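Structure below is my_file_8.cif: mmCIF, C-alpha atoms.
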```cif
data_query
loop_
_atom_site.label_atom_id
_atom_site.label_comp_id
_atom_site.auth_asym_id
_atom_site.auth_seq_id
_atom_site.Cartn_x
_atom_site.Cartn_y
_atom_site.Cartn_z
CA MET X 1131 -3.44 -12.91 14.14
CA ASP X 1132 -6.74 -11.28 13.34
CA GLU X 1133 -8.94 -9.29 15.71
CA HIS X 1134 -10.34 -12.57 17.11
CA GLY X 1135 -6.91 -13.93 18.02
CA THR X 1136 -6.88 -16.57 15.28
CA ASP X 1137 -4.26 -17.07 12.61
CA PRO X 1138 -5.93 -16.55 9.21
CA LEU X 1139 -3.18 -18.64 7.63
CA ALA X 1140 -3.66 -21.63 9.95
CA ASP X 1141 -5.84 -23.32 7.32
CA GLU X 1142 -4.17 -26.57 6.24
CA ASP X 1143 -4.74 -25.65 2.58
CA VAL X 1144 -2.57 -22.53 2.88
CA VAL X 1145 1.06 -23.01 1.97
CA ARG X 1146 3.43 -20.85 3.97
CA VAL X 1147 7.10 -20.32 3.24
CA LEU X 1148 7.82 -17.40 5.59
CA ASP X 1149 7.36 -16.98 9.31
CA ALA X 1150 5.79 -13.88 10.85
CA ASP X 1151 9.14 -12.06 10.65
CA GLY X 1152 9.65 -12.82 6.96
CA ARG X 1153 12.23 -15.58 7.39
CA PRO X 1154 11.93 -18.85 5.44
CA LEU X 1155 10.38 -21.68 7.44
CA PRO X 1156 12.64 -24.73 7.95
CA ASP X 1157 10.62 -26.95 5.60
CA ALA X 1158 9.95 -24.24 3.00
CA THR X 1159 11.02 -24.54 -0.58
CA VAL X 1160 12.52 -21.19 -1.49
CA PRO X 1161 12.96 -20.42 -5.19
CA ASP X 1162 16.54 -20.32 -6.39
CA LEU X 1163 16.57 -16.60 -7.14
CA SER X 1164 19.30 -14.09 -6.51
CA ASP X 1165 18.87 -11.42 -3.88
CA ASP X 1166 18.73 -8.86 -6.71
CA ARG X 1167 15.83 -10.74 -8.31
CA PHE X 1168 13.95 -10.92 -5.00
CA ARG X 1169 14.49 -7.17 -4.54
CA ALA X 1170 13.22 -6.50 -8.08
CA ILE X 1171 10.07 -8.52 -7.41
CA TYR X 1172 9.53 -6.74 -4.10
CA ARG X 1173 10.07 -3.36 -5.78
CA ASP X 1174 7.45 -4.23 -8.38
CA LEU X 1175 5.00 -5.25 -5.66
CA VAL X 1176 5.51 -1.96 -3.83
CA VAL X 1177 5.30 0.15 -7.02
CA THR X 1178 2.14 -1.69 -8.08
CA ARG X 1179 0.50 -1.02 -4.71
CA ARG X 1180 1.53 2.64 -4.78
CA PHE X 1181 0.35 3.09 -8.39
CA ASP X 1182 -2.94 1.47 -7.45
CA GLU X 1183 -3.46 3.75 -4.44
CA ARG X 1184 -2.69 6.82 -6.53
CA ALA X 1185 -4.90 5.72 -9.42
CA VAL X 1186 -7.82 5.08 -7.07
CA SER X 1187 -7.33 8.55 -5.61
CA LEU X 1188 -7.23 10.13 -9.07
CA GLN X 1189 -10.33 8.22 -10.14
CA ARG X 1190 -12.27 9.33 -7.08
CA GLN X 1191 -11.26 12.93 -7.78
CA GLY X 1192 -12.60 12.57 -11.33
CA ARG X 1193 -9.14 13.09 -12.82
CA ILE X 1194 -9.10 9.69 -14.54
CA GLY X 1195 -11.98 7.54 -15.73
CA THR X 1196 -13.00 4.05 -14.75
CA TYR X 1197 -10.26 2.27 -12.84
CA ALA X 1198 -10.31 -1.22 -11.37
CA PRO X 1199 -8.07 -1.45 -8.30
CA CYS X 1200 -5.76 -4.41 -7.82
CA ALA X 1201 -5.04 -4.13 -4.07
CA GLY X 1202 -4.34 -7.57 -2.66
CA GLN X 1203 -3.80 -9.08 -6.10
CA GLU X 1204 -0.38 -7.61 -6.87
CA GLY X 1205 1.46 -10.86 -6.23
CA SER X 1206 -0.29 -12.87 -8.89
CA ALA X 1207 0.47 -10.41 -11.70
CA VAL X 1208 3.97 -9.45 -10.56
CA GLY X 1209 5.02 -13.00 -9.73
CA SER X 1210 3.71 -14.56 -12.92
CA THR X 1211 5.26 -11.79 -15.05
CA HIS X 1212 8.65 -12.32 -13.41
CA ALA X 1213 8.36 -16.00 -14.36
CA LEU X 1214 8.10 -15.05 -18.05
CA ALA X 1215 10.86 -14.21 -20.49
CA ASP X 1216 10.85 -10.64 -21.83
CA ARG X 1217 9.88 -11.96 -25.27
CA ASP X 1218 6.80 -13.75 -23.86
CA LEU X 1219 3.50 -12.05 -24.55
CA ILE X 1220 1.08 -11.01 -21.85
CA SER X 1221 -2.67 -10.94 -22.31
CA TYR X 1222 -4.08 -9.52 -19.12
CA GLN X 1223 -7.23 -8.25 -17.51
CA TYR X 1224 -8.15 -5.04 -15.76
CA ARG X 1225 -6.80 -5.80 -12.26
CA GLU X 1226 -3.39 -7.06 -13.32
CA HIS X 1227 -1.51 -3.77 -13.33
CA GLY X 1228 1.48 -5.50 -11.75
CA ALA X 1229 2.30 -7.07 -15.12
CA ILE X 1230 2.74 -3.58 -16.55
CA VAL X 1231 4.92 -2.55 -13.62
CA ALA X 1232 7.07 -5.69 -13.92
CA ARG X 1233 7.58 -4.95 -17.63
CA ASP X 1234 8.56 -1.34 -16.77
CA LEU X 1235 5.73 0.14 -18.86
CA LEU X 1236 3.92 2.25 -16.28
CA THR X 1237 4.65 5.56 -18.01
CA GLU X 1238 3.31 4.20 -21.30
CA TYR X 1239 0.28 2.65 -19.56
CA LEU X 1240 -0.98 5.66 -17.62
CA PRO X 1241 -2.35 7.54 -20.67
CA TYR X 1242 -4.88 4.75 -21.19
CA TRP X 1243 -6.44 5.40 -17.79
CA MET X 1244 -6.50 9.11 -18.60
CA GLY X 1245 -8.65 8.47 -21.67
CA HIS X 1246 -6.01 8.15 -24.36
CA GLU X 1247 -6.11 4.89 -26.33
CA VAL X 1248 -2.44 5.39 -27.23
CA GLY X 1249 -1.72 3.90 -23.80
CA THR X 1250 -2.65 0.44 -25.03
CA GLU X 1251 -0.61 0.95 -28.19
CA LEU X 1252 2.53 1.96 -26.31
CA ILE X 1253 2.61 -1.13 -24.09
CA ALA X 1254 2.77 -3.35 -27.19
CA ALA X 1255 6.50 -2.57 -27.30
CA GLY X 1256 6.80 -4.59 -24.08
CA ASN X 1257 4.92 -7.54 -25.59
CA VAL X 1258 1.72 -6.74 -23.75
CA PHE X 1259 -1.64 -7.01 -25.47
CA PRO X 1260 -4.15 -4.18 -24.94
CA LEU X 1261 -6.11 -4.19 -21.71
CA ASN X 1262 -9.44 -6.00 -21.57
CA ILE X 1263 -12.06 -4.73 -19.15
CA GLY X 1264 -14.64 -7.52 -19.50
CA ILE X 1265 -14.14 -10.50 -17.22
CA GLY X 1266 -12.43 -13.23 -19.23
CA ALA X 1267 -12.55 -11.12 -22.41
CA HIS X 1268 -8.79 -11.45 -22.87
CA LEU X 1269 -8.92 -15.23 -23.21
CA PRO X 1270 -10.27 -15.44 -26.79
CA HIS X 1271 -7.64 -12.89 -27.83
CA ALA X 1272 -4.86 -14.91 -26.20
CA VAL X 1273 -6.05 -18.15 -27.80
CA GLY X 1274 -6.37 -16.50 -31.21
CA ALA X 1275 -2.87 -15.04 -30.93
CA ALA X 1276 -1.47 -18.40 -29.85
CA TRP X 1277 -3.07 -20.09 -32.87
CA ALA X 1278 -1.69 -17.37 -35.15
CA PHE X 1279 1.83 -17.73 -33.70
CA ASP X 1280 1.62 -21.51 -34.00
CA TYR X 1281 0.39 -21.24 -37.58
CA ARG X 1282 3.27 -18.92 -38.46
CA GLY X 1283 5.75 -21.27 -36.81
#
```

Can you dump the structure from the file as structure tokens?
Amino acid sequence: MDEHGTDPLADEDVVRVLDADGRPLPDATVPDLSDDRFRAIYRDLVVTRRFDERAVSLQRQGRIGTYAPCAGQEGSAVGSTHALADRDLISYQYREHGAIVARDLLTEYLPYWMGHEVGTELIAAGNVFPLNIGIGAHLPHAVGAAWAFDYRG
């Protein structure tokens, strides 16, 4: 409930699978994932949020440069990355830090935010393309790479 006593998730367009206590609803479709996989996803969500909080703090102290926070958007990056195979490539945008966390590349990624371009080079080992700051700027890169991979068979 929000401060007005209404349920923000009461909208008929919102799909809920958990009740207020985190238990699956009777009619919910729960993915067939092991408990270990659910814990790994949850861990990545928590680490992404913590990294984001720390990075925002460092940016506001002037210890790192421009940083785009991802608070509230962790699920989309973490969830979609967990749906990929390790060999699948990721072309992401500036608020999708959860993809880096899910690929276990946070240590390699941090130098980028500290002003060292090597940070984008190091994440390539995890099949992650360099970060794009411009909105939608990663899409032409992803399409070009897909065409190149298709061309090469």

inquiry  = Please list as a VMD selection string every residue within 10 Å of range 1261-1265 of chain X, counting all atoms listed in the file and excluding residues in the same chain fewer than 2 positions away.
reply    = chain X and resid 1196 to 1198 1220 to 1227 1239 1242 1249 to 1251 1253 1258 to 1259 1267 to 1269 1271

ask   = CA of Gly1256 in chain X and CA of Asp1218 in chain X, how far apart in Å?
value =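 About the pair CA of Asp1218 in chain X and CA of Gly1256 in chain X: they are 9.2 Å apart.
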
Residue nearest Asn1257 in chain X - candidates X:Arg1167, X:Arg1173, X:Arg1282, X:Arg1233, atoms counted: all atoms listed in the file =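 Once distances to Asn1257 in chain X are computed over all atoms listed in the file, the minimum belongs to X:Arg1233.
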
task = Please write as a ChimeraX atom specification the full residue list that the PyMOL selection byres ((chain X and resi 1200) around 10) yields on this file.
result = /X:1178-1179,1181-1183,1186,1197-1199,1201-1205,1207,1224-1228

I need the residues from that last selection saved to file as a PDB file, in the coordinates of the input (with C-alpha atoms), if you can.
```
ATOM      1  CA  THR X1178       2.140  -1.690  -8.080  1.00  0.00           C
ATOM      2  CA  ARG X1179       0.500  -1.020  -4.710  1.00  0.00           C
ATOM      3  CA  PHE X1181       0.350   3.090  -8.390  1.00  0.00           C
ATOM      4  CA  ASP X1182      -2.940   1.470  -7.450  1.00  0.00           C
ATOM      5  CA  GLU X1183      -3.460   3.750  -4.440  1.00  0.00           C
ATOM      6  CA  VAL X1186      -7.820   5.080  -7.070  1.00  0.00           C
ATOM      7  CA  TYR X1197     -10.260   2.270 -12.840  1.00  0.00           C
ATOM      8  CA  ALA X1198     -10.310  -1.220 -11.370  1.00  0.00           C
ATOM      9  CA  PRO X1199      -8.070  -1.450  -8.300  1.00  0.00           C
ATOM     10  CA  ALA X1201      -5.040  -4.130  -4.070  1.00  0.00           C
ATOM     11  CA  GLY X1202      -4.340  -7.570  -2.660  1.00  0.00           C
ATOM     12  CA  GLN X1203      -3.800  -9.080  -6.100  1.00  0.00           C
ATOM     13  CA  GLU X1204      -0.380  -7.610  -6.870  1.00  0.00           C
ATOM     14  CA  GLY X1205       1.460 -10.860  -6.230  1.00  0.00           C
ATOM     15  CA  ALA X1207       0.470 -10.410 -11.700  1.00  0.00           C
ATOM     16  CA  TYR X1224      -8.150  -5.040 -15.760  1.00  0.00           C
ATOM     17  CA  ARG X1225      -6.800  -5.800 -12.260  1.00  0.00           C
ATOM     18  CA  GLU X1226      -3.390  -7.060 -13.320  1.00  0.00           C
ATOM     19  CA  HIS X1227      -1.510  -3.770 -13.330  1.00  0.00           C
ATOM     20  CA  GLY X1228       1.480  -5.500 -11.750  1.00  0.00           C
TER      21      GLY X1228
END
```

Selection result for the PyMOL selection byres ((chain X and resi 1212) around 10) on this file, as number ranges by chain = X: 1167, 1170-1171, 1174, 1207-1211, 1213-1216, 1229, 1232-1233

ask   = Do you have the CA of Leu1219 in chain X-CA of Phe1279 in chain X distance handy?
value = 10.9 Å

request  = Determine the nearest neighbour of Leu1236 in chain X from the options X:Ile1194, X:Val1160, X:Val1248, X:Val1177, counting only C-alpha atoms.
outcome  =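 Answer, going by the shortest atom-to-atom distance: X:Val1177.
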
note = CA of Ala1255 in chain X to CA of Leu1175 in chain X measures 21.9 Å
